[in-house]
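A.B. asks: Take a look at run-v5.cif, mmCIF, C-alpha atoms:
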data_target
#
loop_
_atom_site.label_atom_id
_atom_site.label_comp_id
_atom_site.auth_asym_id
_atom_site.auth_seq_id
_atom_site.Cartn_x
_atom_site.Cartn_y
_atom_site.Cartn_z
CA MET E 83 70.78 -21.20 82.71
CA TYR E 84 69.84 -17.58 83.39
CA ASP E 85 66.52 -18.63 84.98
CA VAL E 86 68.35 -21.02 87.28
CA ALA E 87 70.72 -18.21 88.24
CA LEU E 88 67.74 -16.05 89.16
CA LEU E 89 66.73 -18.64 91.72
CA SER E 90 70.03 -17.96 93.48
CA VAL E 91 68.87 -14.39 94.31
CA PRO E 92 66.56 -15.43 97.20
CA LEU E 93 69.17 -17.95 98.33
CA MET E 94 71.90 -15.31 98.38
CA ALA E 95 69.55 -12.90 100.16
CA ALA E 96 68.86 -15.57 102.79
CA VAL E 97 72.59 -16.04 103.28
CA VAL E 98 73.02 -12.26 103.54
CA GLY E 99 70.17 -12.05 106.06
CA TRP E 100 71.66 -14.84 108.18
CA LEU E 101 75.22 -13.48 107.93
CA THR E 102 74.37 -9.85 108.68
CA ASN E 103 72.26 -10.82 111.69
CA TRP E 104 75.09 -13.05 112.91
CA LEU E 105 77.49 -10.15 112.38
CA ALA E 106 75.21 -7.73 114.25
CA ILE E 107 75.09 -10.11 117.23
CA GLN E 108 78.86 -10.59 117.18
CA MET E 109 79.45 -6.82 116.96
CA SER E 110 77.19 -6.41 119.98
CA PHE E 111 79.51 -8.59 122.06
CA TYR E 112 82.96 -8.31 120.50
CA PRO E 113 85.65 -7.22 120.67
CA VAL E 114 85.54 -6.84 124.44
CA GLN E 115 88.29 -4.18 124.31
CA PHE E 116 88.43 -1.39 121.72
CA ILE E 117 90.39 -2.32 118.61
CA GLY E 118 91.42 0.48 116.29
CA VAL E 119 93.29 3.75 116.10
CA GLY E 120 91.84 6.96 117.49
CA LEU E 121 88.19 7.23 116.52
CA VAL E 122 88.49 4.56 113.85
CA GLY E 123 87.76 1.15 115.31
CA TRP E 124 85.15 -0.84 117.19
CA GLN E 125 84.32 -2.23 120.59
CA GLY E 126 81.35 -4.47 121.25
CA VAL E 127 78.22 -2.46 122.07
CA ILE E 128 77.57 -4.34 125.30
CA PRO E 129 81.12 -4.16 126.75
CA ARG E 130 81.32 -0.47 125.78
CA LYS E 131 77.98 0.29 127.45
CA ALA E 132 78.32 -2.21 130.32
CA GLU E 133 78.94 0.44 132.96
CA LYS E 134 75.98 2.52 131.83
CA MET E 135 73.67 -0.51 131.79
CA ALA E 136 74.89 -1.68 135.21
CA HIS E 137 74.31 1.77 136.73
CA ILE E 138 70.80 1.97 135.29
CA CYS E 139 70.06 -1.55 136.52
CA ILE E 140 71.26 -0.86 140.06
CA ASP E 141 69.41 2.48 140.13
CA ARG E 142 66.20 0.78 139.07
CA THR E 143 66.46 -2.15 141.46
CA LEU E 144 67.45 -0.04 144.46
CA GLN E 145 64.78 2.51 143.55
CA GLN E 146 62.26 -0.30 143.84
CA PHE E 147 63.77 -1.68 147.02
CA GLY E 148 64.71 1.56 148.81
CA ASP E 149 68.46 1.85 149.24
CA LEU E 150 71.60 -0.12 150.06
CA ASN E 151 70.75 0.02 153.76
CA ALA E 152 67.57 -1.96 153.09
CA VAL E 153 69.57 -4.57 151.19
CA TYR E 154 71.99 -4.68 154.12
CA GLN E 155 69.15 -5.59 156.47
CA LYS E 156 68.41 -8.60 154.26
CA LEU E 157 71.98 -9.76 154.84
CA GLU E 158 71.04 -10.30 158.50
CA PRO E 159 73.38 -7.98 160.42
CA GLN E 160 73.42 -10.43 163.33
CA ARG E 161 74.99 -13.00 161.01
CA ILE E 162 77.68 -10.45 160.16
CA VAL E 163 78.30 -9.88 163.88
CA GLU E 164 78.68 -13.62 164.39
CA GLN E 165 81.12 -13.81 161.48
CA VAL E 166 83.30 -10.99 162.86
CA VAL E 167 83.30 -12.37 166.40
CA SER E 168 84.01 -15.94 165.27
CA GLN E 169 86.92 -14.79 163.10
CA VAL E 170 88.45 -12.23 165.46
CA THR E 171 88.03 -13.90 168.87
CA PRO E 172 90.52 -16.75 168.25
CA ARG E 173 93.11 -14.17 167.13
CA MET E 174 92.36 -11.50 169.73
CA ASP E 175 95.42 -12.29 171.85
CA GLU E 176 97.57 -12.25 168.71
CA TYR E 177 96.18 -8.86 167.60
CA ILE E 178 96.82 -7.33 171.02
CA ASP E 179 100.36 -8.74 171.08
CA GLU E 180 101.08 -7.31 167.62
CA VAL E 181 99.84 -3.85 168.66
CA MET E 182 101.77 -3.80 171.93
CA TYR E 183 105.00 -5.15 170.44
CA GLU E 184 104.81 -2.40 167.82
CA ILE E 185 104.36 0.36 170.42
CA GLN E 186 106.03 -0.85 173.62
CA PRO E 187 107.75 -4.24 173.21
CA VAL E 188 109.78 -3.91 176.45
CA LEU E 189 106.73 -2.93 178.50
CA TRP E 190 104.67 -5.78 177.10
CA ASP E 191 107.41 -8.37 177.70
CA ASN E 192 107.79 -7.27 181.30
CA LEU E 193 104.11 -6.95 182.11
CA PRO E 194 103.09 -9.69 184.57
CA LEU E 195 101.38 -12.58 182.83
CA PHE E 196 98.23 -12.32 184.97
CA LEU E 197 97.79 -8.66 183.85
CA ARG E 198 98.22 -9.60 180.20
CA ASN E 199 95.69 -12.39 180.63
CA ARG E 200 93.25 -9.94 182.24
CA ILE E 201 93.63 -7.64 179.22
CA TYR E 202 93.08 -10.53 176.79
CA GLN E 203 89.99 -11.63 178.70
CA TRP E 204 88.59 -8.10 178.89
CA ALA E 205 88.97 -7.62 175.14
CA ARG E 206 87.29 -10.96 174.36
CA GLU E 207 84.38 -10.17 176.68
CA GLN E 208 83.86 -6.70 175.18
CA LEU E 209 84.22 -7.72 171.54
CA PRO E 210 80.62 -8.94 170.82
CA SER E 211 78.94 -5.79 172.12
CA ARG E 212 81.49 -3.54 170.37
CA VAL E 213 81.04 -5.36 167.06
CA GLU E 214 77.25 -5.40 167.36
CA GLU E 215 77.14 -1.61 167.81
CA LEU E 216 79.69 -1.17 165.02
CA VAL E 217 77.68 -3.30 162.56
CA GLU E 218 74.48 -1.47 163.50
CA ASP E 219 76.21 1.86 162.89
CA PHE E 220 77.45 0.73 159.51
CA GLY E 221 73.96 -0.44 158.55
CA ASP E 222 72.51 3.00 159.26
CA ASP E 223 75.07 4.78 157.08
CA LEU E 224 75.94 2.16 154.46
CA ASP E 225 74.30 4.05 151.59
CA GLU E 226 76.57 7.01 152.33
CA LEU E 227 79.70 5.00 153.10
CA VAL E 228 79.66 2.97 149.87
CA ASP E 229 79.70 4.58 146.44
CA LEU E 230 78.00 1.70 144.68
CA LYS E 231 78.42 3.18 141.20
CA ALA E 232 82.15 3.66 141.74
CA LEU E 233 82.37 0.06 142.97
CA LEU E 234 80.54 -1.22 139.88
CA SER E 235 82.66 0.91 137.56
CA ARG E 236 85.89 -0.39 139.08
CA GLU E 237 84.81 -4.02 138.95
CA LEU E 238 83.42 -3.80 135.41
CA GLU E 239 86.71 -2.27 134.32
CA LYS E 240 88.39 -5.40 135.65
CA GLN E 241 85.75 -7.66 134.08
CA PRO E 242 84.65 -6.01 130.82
CA ASP E 243 83.04 -9.25 129.67
CA MET E 244 80.64 -9.39 132.62
CA MET E 245 77.61 -7.99 130.76
CA ASN E 246 78.44 -10.22 127.78
CA ARG E 247 78.20 -13.26 130.01
CA ILE E 248 74.84 -12.11 131.36
CA PHE E 249 73.35 -11.76 127.89
CA GLN E 250 74.95 -14.91 126.54
CA GLN E 251 73.96 -17.10 129.48
CA ALA E 252 70.40 -15.81 129.69
CA GLY E 253 69.60 -15.37 126.00
CA ALA E 254 71.60 -17.90 123.98
CA VAL E 255 68.46 -19.46 122.47
CA GLU E 256 66.92 -16.08 121.61
CA LEU E 257 70.12 -14.77 120.01
CA GLN E 258 70.35 -17.83 117.77
CA SER E 259 66.68 -17.37 116.92
CA VAL E 260 67.37 -13.80 115.80
CA ILE E 261 70.17 -15.04 113.52
CA ASN E 262 68.02 -17.79 112.00
CA ARG E 263 65.10 -15.44 111.39
CA GLY E 264 67.49 -13.23 109.46
CA ALA E 265 67.79 -16.01 106.87
CA ILE E 266 64.00 -16.31 106.53
CA ILE E 267 63.47 -12.55 106.22
CA GLY E 268 66.42 -12.24 103.83
CA GLY E 269 65.01 -15.03 101.65
CA ILE E 270 61.60 -13.30 101.48
CA LEU E 271 63.17 -9.97 100.54
CA GLY E 272 65.34 -11.75 97.97
CA ALA E 273 62.25 -13.28 96.39
CA VAL E 274 60.87 -9.75 95.92
CA LEU E 275 64.07 -8.83 94.07
CA VAL E 276 63.64 -11.55 91.41
CA PRO E 277 60.73 -9.94 89.47
CA LEU E 278 62.32 -6.50 89.88
CA TRP E 279 65.60 -7.74 88.39
CA THR E 280 63.72 -9.51 85.58
CA HIS E 281 62.00 -6.27 84.51
CA TYR E 282 64.80 -3.83 85.40
CA PRO E 283 68.17 -5.58 85.03
CA GLU E 284 70.10 -2.46 85.97
CA PRO E 285 73.70 -2.87 87.30
CA TRP E 286 72.85 -1.03 90.51
CA LEU E 287 69.71 -3.01 91.40
CA LEU E 288 71.27 -6.11 92.98
CA PRO E 289 73.85 -4.15 95.08
CA LEU E 290 71.06 -1.78 96.20
CA GLY E 291 68.78 -4.71 96.92
CA GLY E 292 71.57 -6.40 98.88
CA PHE E 293 72.06 -3.22 100.90
CA VAL E 294 68.34 -3.11 101.70
CA VAL E 295 68.34 -6.80 102.70
CA GLY E 296 71.35 -6.37 105.02
CA PHE E 297 70.04 -3.11 106.49
CA VAL E 298 66.47 -4.29 107.01
CA THR E 299 67.36 -7.70 108.46
CA ASN E 300 69.66 -6.04 111.01
CA TRP E 301 66.94 -3.53 111.86
CA ILE E 302 64.46 -6.36 112.35
CA ALA E 303 67.02 -8.33 114.41
CA ILE E 304 67.51 -5.48 116.86
CA ASN E 305 63.79 -4.82 117.14
CA LEU E 306 63.02 -8.50 117.70
CA ILE E 307 65.09 -8.26 120.88
CA PHE E 308 63.17 -5.32 122.34
CA SER E 309 59.76 -5.18 120.61
CA PRO E 310 56.91 -5.46 121.09
CA LEU E 311 57.05 -4.25 124.64
CA ARG E 312 54.14 -6.39 125.82
CA PRO E 313 52.86 -9.74 124.52
CA ARG E 314 50.71 -9.44 121.39
CA ARG E 315 48.72 -11.94 119.36
CA PHE E 316 49.60 -12.38 115.70
CA LEU E 317 47.47 -15.08 114.09
CA PHE E 318 48.36 -18.22 116.10
CA TRP E 319 51.44 -16.76 117.78
CA LYS E 320 52.00 -14.68 120.86
CA ILE E 321 54.96 -12.40 120.23
CA GLN E 322 57.03 -10.15 122.49
CA GLY E 323 60.56 -8.77 122.49
CA LEU E 324 62.85 -11.76 122.99
CA PHE E 325 64.72 -10.35 125.97
CA LEU E 326 61.57 -8.90 127.49
CA ARG E 327 60.04 -12.35 127.30
CA ARG E 328 63.06 -13.66 129.19
CA GLN E 329 62.94 -11.04 131.93
CA PRO E 330 62.79 -13.58 134.81
CA GLU E 331 65.73 -15.63 133.49
CA ILE E 332 67.84 -12.56 132.70
CA SER E 333 67.05 -11.17 136.17
CA ASP E 334 68.23 -14.38 137.83
CA VAL E 335 71.45 -14.55 135.80
CA TRP E 336 72.23 -10.86 136.31
CA ALA E 337 71.57 -11.03 140.05
CA LYS E 338 73.64 -14.20 140.51
CA LEU E 339 76.68 -12.84 138.68
CA VAL E 340 76.48 -9.44 140.38
CA ALA E 341 76.12 -10.99 143.84
CA GLU E 342 78.96 -13.47 143.29
CA GLU E 343 81.41 -11.24 141.43
CA LEU E 344 80.55 -7.54 141.82
CA ILE E 345 78.71 -6.65 145.02
CA THR E 346 80.23 -9.21 147.38
CA VAL E 347 80.51 -8.62 151.11
CA GLU E 348 84.30 -8.46 150.69
CA LYS E 349 84.17 -5.82 147.94
CA VAL E 350 81.59 -3.70 149.74
CA ALA E 351 83.77 -3.79 152.88
CA ASP E 352 86.81 -2.81 150.80
CA ALA E 353 84.84 0.06 149.22
CA MET E 354 83.86 1.28 152.69
CA ILE E 355 87.43 1.27 153.98
CA ASN E 356 89.35 2.35 150.88
CA GLY E 357 86.69 4.31 148.99
CA SER E 358 85.90 8.01 149.00
CA GLN E 359 84.32 7.75 152.49
CA GLY E 360 87.15 5.66 153.94
CA ASP E 361 88.04 8.30 156.55
CA ARG E 362 84.49 8.29 157.83
CA THR E 363 84.46 4.48 157.96
CA ARG E 364 87.68 4.44 159.96
CA ALA E 365 86.24 7.08 162.31
CA ILE E 366 83.25 4.82 163.01
CA ILE E 367 85.59 1.88 163.70
CA GLN E 368 87.63 4.09 166.04
CA LYS E 369 84.52 5.27 167.86
CA HIS E 370 83.49 1.71 168.67
CA LEU E 371 86.97 0.41 169.50
CA ARG E 372 87.97 3.22 171.83
CA PRO E 373 85.95 1.75 174.75
CA LEU E 374 88.09 -1.40 174.54
CA LEU E 375 90.94 0.76 175.84
CA ASP E 376 89.16 3.48 177.77
CA ASN E 377 86.90 1.10 179.72
CA SER E 378 89.73 -1.23 180.64
CA VAL E 379 91.07 0.33 183.82
CA ILE E 380 94.11 -1.96 183.90
CA MET E 381 95.01 -1.27 180.28
CA LYS E 382 94.41 2.46 180.49
CA LEU E 383 96.37 3.02 183.70
CA THR E 384 99.24 0.76 182.63
CA ALA E 385 99.53 2.46 179.26
CA GLN E 386 99.27 6.02 180.57
CA VAL E 387 101.73 5.47 183.43
CA THR E 388 104.34 3.72 181.32
CA MET E 389 103.88 5.52 177.98
CA GLY E 390 102.33 8.85 178.90
CA MET E 391 99.38 10.44 177.12
CA THR E 392 101.26 10.70 173.83
CA GLY E 393 102.10 7.00 173.92
CA TYR E 394 98.51 6.19 174.82
CA THR E 395 97.26 8.15 171.80
CA GLU E 396 99.75 6.29 169.61
CA LEU E 397 98.44 3.02 171.01
CA GLN E 398 94.92 4.01 169.98
CA ARG E 399 96.12 4.89 166.48
CA VAL E 400 97.90 1.59 165.94
CA MET E 401 94.96 -0.32 167.38
CA ASN E 402 92.64 1.38 164.87
CA GLN E 403 94.96 0.44 162.01
CA LYS E 404 95.01 -3.15 163.16
CA ALA E 405 91.20 -3.15 163.37
CA VAL E 406 90.91 -1.94 159.76
CA LEU E 407 93.27 -4.69 158.56
CA ALA E 408 91.40 -7.29 160.60
CA THR E 409 88.11 -6.14 159.02
CA GLY E 410 89.54 -6.87 155.58
CA ASP E 411 90.66 -10.33 156.73
CA VAL E 412 87.24 -11.14 158.20
CA PHE E 413 85.24 -10.28 155.08
CA SER E 414 87.66 -11.87 152.63
CA ASP E 415 86.58 -15.28 153.91
CA PRO E 416 85.41 -17.09 150.70
CA ALA E 417 82.95 -19.30 152.56
CA PHE E 418 81.20 -16.31 154.14
CA ASN E 419 81.01 -14.50 150.80
CA ARG E 420 79.51 -17.60 149.13
CA GLU E 421 76.97 -17.93 151.92
CA ARG E 422 75.80 -14.30 151.69
CA ALA E 423 75.79 -14.07 147.87
CA PRO E 424 72.40 -15.83 147.40
CA VAL E 425 70.81 -13.32 149.78
CA VAL E 426 71.99 -10.37 147.69
CA ALA E 427 71.06 -12.21 144.48
CA GLU E 428 67.54 -12.88 145.74
CA VAL E 429 67.02 -9.19 146.52
CA LEU E 430 68.33 -7.94 143.17
CA SER E 431 66.56 -10.63 141.15
CA GLY E 432 63.24 -10.04 142.86
CA GLN E 433 63.36 -6.32 142.16
CA MET E 434 64.39 -6.80 138.51
CA LYS E 435 61.53 -9.23 137.97
CA ALA E 436 59.16 -6.67 139.47
CA LEU E 437 60.14 -4.00 136.91
CA LYS E 438 57.50 -3.13 134.33
CA PRO E 439 58.36 -4.08 130.72
CA ASP E 440 59.18 -0.48 129.76
CA GLU E 441 61.42 -0.11 132.83
CA PHE E 442 63.19 -3.38 132.06
CA GLN E 443 63.61 -2.37 128.41
CA ASP E 444 65.15 0.96 129.49
CA ILE E 445 68.03 -0.93 131.11
CA LEU E 446 69.09 -2.47 127.80
CA ARG E 447 67.58 -0.44 124.97
CA PRO E 448 69.48 2.90 125.36
CA ALA E 449 72.85 1.19 124.82
CA PHE E 450 71.72 -0.32 121.50
CA ARG E 451 69.79 2.76 120.36
CA GLU E 452 73.01 4.77 120.22
CA GLU E 453 74.74 2.15 118.06
CA GLU E 454 71.99 0.50 116.04
CA LEU E 455 72.37 2.74 112.97
CA GLN E 456 76.03 1.71 112.69
CA LEU E 457 75.08 -1.96 113.05
CA MET E 458 72.44 -1.62 110.33
CA LEU E 459 74.80 0.26 108.00
CA VAL E 460 77.45 -2.45 108.40
CA GLY E 461 74.79 -5.03 107.52
CA GLY E 462 73.78 -2.96 104.50
CA ILE E 463 77.37 -2.67 103.26
CA PHE E 464 77.90 -6.43 103.48
CA GLY E 465 74.60 -6.96 101.68
CA ALA E 466 75.62 -4.52 98.92
CA LEU E 467 78.93 -6.36 98.43
CA ALA E 468 77.05 -9.66 98.16
CA GLY E 469 74.67 -8.10 95.62
CA LEU E 470 77.60 -6.78 93.60
CA LEU E 471 79.22 -10.21 93.51
CA GLN E 472 75.96 -11.71 92.38
CA PHE E 473 75.61 -9.13 89.60
CA LEU E 474 79.15 -9.86 88.41
CA SER E 475 78.33 -13.57 88.34
CA PHE E 476 75.28 -12.82 86.17
CA VAL E 477 77.35 -10.76 83.77
CA GLY E 478 79.68 -13.72 83.34
CA ILE E 479 76.85 -16.09 82.43
#
For this file, produce the structure as structure tokens.
C.D. replies:
Amino acid sequence: MYDVALLSVPLMAAVVGWLTNWLAIQMSFYPVQFIGVGLVGWQGVIPRKAEKMAHICIDRTLQQFGDLNAVYQKLEPQRIVEQVVSQVTPRMDEYIDEVMYEIQPVLWDNLPLFLRNRIYQWAREQLPSRVEELVEDFGDDLDELVDLKALLSRELEKQPDMMNRIFQQAGAVELQSVINRGAIIGGILGAVLVPLWTHYPEPWLLPLGGFVVGFVTNWIAINLIFSPLRPRRFLFWKIQGLFLRRQPEISDVWAKLVAEELITVEKVADAMINGSQGDRTRAIIQKHLRPLLDNSVIMKLTAQVTMGMTGYTELQRVMNQKAVLATGDVFSDPAFNRERAPVVAEVLSGQMKALKPDEFQDILRPAFREEELQLMLVGGIFGALAGLLQFLSFVGI
């Protein structure tokens, strides 16, 4: 009976290896939000380090590519001009009416229809050239106008599970492989415990052995993800860190999610207008819109004669405000954002795939390195508890 019970040691060790690896993976992802009181509690390693990993990733990809301005050129600025013109032109008369009714409703109602039509026509004719210069100006200064790290931080705060989804979508097979290998490694370590327990049946041996099994299998699980850095031959197998081996797939998934949910045209435009450099963005818009008023002799004379210089200045201010609001409307178009997303994704994915293995590893590894000792200790504690239960079962035999 006792000999049969001894055979349960490798089996229990295999269960411990599987369970602690499963637990390590789960603790990497969950909970998404911190659960606990004060310093006592836990948040998944990846959600907690998502912002740091995203910043490193963007730094590395843009470092390879140049800067945000270079990415902007890939978006085809002329296509952006066409989008703005196509969206604004049909509403140009409406925008002008809204501005004028806000400043001088009586004047605008009493202005002869042919003069109003001339103003509408002038604005529509001038719009393409104004927008083209405006878009070109933005392209030159985009890296300074958009705080990309602040944008990422804000969006990841709203979507703390974003990095989880990247890992889970790209590495589901590898993560399950890590868990399954924990059972094999645990079983092997458990088999080593059998002769030790036979010769030294001390009360502390099985709990200590269980701790070692849980600790070591978690250590191996983490290292299987990131090591070896480059492919190596071991007998008939070629081995490499599981996520390093999946660099192309992870790059594609990361780039797709970022382009569709984080760095969209709409969100970049919002960051330009409402971010830390919003005043500068609005000044650029004002610079390119001013000619719509100043170069329209009819509009300028009519406004200055009827409203005076102060009223004319107020007209410019309101017109700038309307332009900023219209910009938000233009770039919030879902169809346009969907169309441009693959362009951004292609840029980011291409640069991530071009990273060397050590550079790619540096995006992911630092986050785990800070937490891996805790993950291994938790595995060891669960293993020790399993070993203690097994010892108590032996005592009862």
A.B. asks: Once the PyMOL selection byres ((chain E and resi 246) around 12) has been evaluated on this model, what residues remain selected, and can you format them as a PyMOL selection string?
C.D. replies: chain E and resi 107-114+126-133+135-136+238+241-245+247-254+332+335-336+339
A.B. asks: Suppose you want the space between CA of Ala353 in chain E and CA of Phe220 in chain E; what is it in Å?
C.D. replies: 12.7 Å
A.B. asks: Once the PyMOL selection byres ((chain E and resi 195-199) around 10) has been applied to the shown file, what residues remain in the selection, as a ChimeraX atom specification?
C.D. replies: /E:175,178-179,190-194,200-205,380-381,384
A.B. asks: Mind writing the picked residues with C-alpha atoms as a short mmCIF file (atom, residue, chain, number, x, y, z; two decimals), in the coordinates of the input?
C.D. replies:
data_model
loop_
_atom_site.label_atom_id
_atom_site.label_comp_id
_atom_site.auth_asym_id
_atom_site.auth_seq_id
_atom_site.Cartn_x
_atom_site.Cartn_y
_atom_site.Cartn_z
CA ASP E 175 95.42 -12.29 171.85
CA ILE E 178 96.82 -7.33 171.02
CA ASP E 179 100.36 -8.74 171.08
CA TRP E 190 104.67 -5.78 177.10
CA ASP E 191 107.41 -8.37 177.70
CA ASN E 192 107.79 -7.27 181.30
CA LEU E 193 104.11 -6.95 182.11
CA PRO E 194 103.09 -9.69 184.57
CA ARG E 200 93.25 -9.94 182.24
CA ILE E 201 93.63 -7.64 179.22
CA TYR E 202 93.08 -10.53 176.79
CA GLN E 203 89.99 -11.63 178.70
CA TRP E 204 88.59 -8.10 178.89
CA ALA E 205 88.97 -7.62 175.14
CA ILE E 380 94.11 -1.96 183.90
CA MET E 381 95.01 -1.27 180.28
CA THR E 384 99.24 0.76 182.63
#
A.B. asks: Suppose you want the space between CA of Ile138 in chain E and CA of Leu344 in chain E; what is it in Å?
C.D. replies: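 About the pair CA of Ile138 in chain E and CA of Leu344 in chain E: they are 15.1 Å apart.
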A.B. asks: Skipping near chain neighbours, those fewer than 2 positions away, what residues fall within 9 Å of range 278-287 of chain E using only C-alpha atoms, listed as number ranges by chain?
C.D. replies: E: 88, 274-276, 289-292, 469-470, 473-474
A.B. asks: Using only C-alpha atoms, which residues sit within 9 Å of Asp352 in chain E once same-chain residues fewer than 4 positions away are excluded, as a list in words?
C.D. replies: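 My reading of the contact set: Val347, Glu348, Asn356, Gly357, Thr409, Gly410 and Phe413 of chain E.
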A.B. asks: Measuring between all atoms listed in the file, which one of E:Leu234, E:Val167, E:Ala341, E:Ile185 shows the shortest distance to Lys134 in chain E?
C.D. replies: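 Closest residue, counting all atoms listed in the file: E:Leu234.
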A.B. asks: Convert the output of the PyMOL selection byres ((chain E and resi 160) around 12) on the shown file into explicit residues, formatted as a ChimeraX atom specification.
C.D. replies: /E:154-159,161-167,210-211,213-218,221
A.B. asks: Record the distance separating CA of Ile445 in chain E and CA of Gly432 in chain E, expressed in Å with one decimal.
C.D. replies: 15.6 Å
A.B. asks: Would you mind completing range 113-119 of chain E so that it carries all heavy atoms, and writing it out as a PDB file, in the frame of the given file?
C.D. replies:
ATOM      1  N   PRO E 113      84.668  -6.787 119.675  1.00  0.00           N
ATOM      2  CA  PRO E 113      85.650  -7.220 120.670  1.00  0.00           C
ATOM      3  C   PRO E 113      85.337  -6.624 122.049  1.00  0.00           C
ATOM      4  O   PRO E 113      84.699  -5.582 122.140  1.00  0.00           O
ATOM      5  CB  PRO E 113      86.979  -6.681 120.121  1.00  0.00           C
ATOM      6  CG  PRO E 113      86.576  -5.484 119.320  1.00  0.00           C
ATOM      7  CD  PRO E 113      85.237  -5.811 118.723  1.00  0.00           C
ATOM      8  N   VAL E 114      85.798  -7.304 123.081  1.00  0.00           N
ATOM      9  CA  VAL E 114      85.540  -6.840 124.440  1.00  0.00           C
ATOM     10  C   VAL E 114      86.288  -5.530 124.705  1.00  0.00           C
ATOM     11  O   VAL E 114      85.764  -4.613 125.342  1.00  0.00           O
ATOM     12  CB  VAL E 114      85.966  -7.921 125.468  1.00  0.00           C
ATOM     13  CG1 VAL E 114      85.846  -7.392 126.887  1.00  0.00           C
ATOM     14  CG2 VAL E 114      85.097  -9.171 125.295  1.00  0.00           C
ATOM     15  N   GLN E 115      87.509  -5.417 124.214  1.00  0.00           N
ATOM     16  CA  GLN E 115      88.290  -4.180 124.310  1.00  0.00           C
ATOM     17  C   GLN E 115      88.310  -3.496 122.954  1.00  0.00           C
ATOM     18  O   GLN E 115      88.239  -4.149 121.916  1.00  0.00           O
ATOM     19  CB  GLN E 115      89.735  -4.482 124.758  1.00  0.00           C
ATOM     20  CG  GLN E 115      89.853  -5.213 126.089  1.00  0.00           C
ATOM     21  CD  GLN E 115      89.535  -4.339 127.290  1.00  0.00           C
ATOM     22  OE1 GLN E 115      89.255  -3.156 127.135  1.00  0.00           O
ATOM     23  NE2 GLN E 115      89.592  -4.915 128.479  1.00  0.00           N
ATOM     24  N   PHE E 116      88.419  -2.158 122.970  1.00  0.00           N
ATOM     25  CA  PHE E 116      88.430  -1.390 121.720  1.00  0.00           C
ATOM     26  C   PHE E 116      89.621  -1.800 120.853  1.00  0.00           C
ATOM     27  O   PHE E 116      90.746  -1.908 121.332  1.00  0.00           O
ATOM     28  CB  PHE E 116      88.515   0.107 122.041  1.00  0.00           C
ATOM     29  CG  PHE E 116      88.570   0.980 120.807  1.00  0.00           C
ATOM     30  CD1 PHE E 116      87.407   1.297 120.129  1.00  0.00           C
ATOM     31  CD2 PHE E 116      89.778   1.460 120.325  1.00  0.00           C
ATOM     32  CE1 PHE E 116      87.452   2.097 118.996  1.00  0.00           C
ATOM     33  CE2 PHE E 116      89.835   2.254 119.195  1.00  0.00           C
ATOM     34  CZ  PHE E 116      88.662   2.574 118.522  1.00  0.00           C
ATOM     35  N   ILE E 117      89.342  -2.031 119.586  1.00  0.00           N
ATOM     36  CA  ILE E 117      90.390  -2.320 118.610  1.00  0.00           C
ATOM     37  C   ILE E 117      90.313  -1.262 117.523  1.00  0.00           C
ATOM     38  O   ILE E 117      89.268  -1.072 116.896  1.00  0.00           O
ATOM     39  CB  ILE E 117      90.224  -3.723 117.995  1.00  0.00           C
ATOM     40  CG1 ILE E 117      90.451  -4.802 119.058  1.00  0.00           C
ATOM     41  CG2 ILE E 117      91.204  -3.919 116.839  1.00  0.00           C
ATOM     42  CD1 ILE E 117      90.276  -6.222 118.551  1.00  0.00           C
ATOM     43  N   GLY E 118      91.399  -0.566 117.301  1.00  0.00           N
ATOM     44  CA  GLY E 118      91.420   0.480 116.290  1.00  0.00           C
ATOM     45  C   GLY E 118      92.437   1.538 116.632  1.00  0.00           C
ATOM     46  O   GLY E 118      93.228   1.392 117.566  1.00  0.00           O
ATOM     47  N   VAL E 119      92.385   2.627 115.882  1.00  0.00           N
ATOM     48  CA  VAL E 119      93.290   3.750 116.100  1.00  0.00           C
ATOM     49  C   VAL E 119      92.462   5.020 116.189  1.00  0.00           C
ATOM     50  O   VAL E 119      91.712   5.352 115.263  1.00  0.00           O
ATOM     51  CB  VAL E 119      94.323   3.883 114.950  1.00  0.00           C
ATOM     52  CG1 VAL E 119      95.217   5.088 115.188  1.00  0.00           C
ATOM     53  CG2 VAL E 119      95.146   2.605 114.813  1.00  0.00           C
TER      54      VAL E 119
END
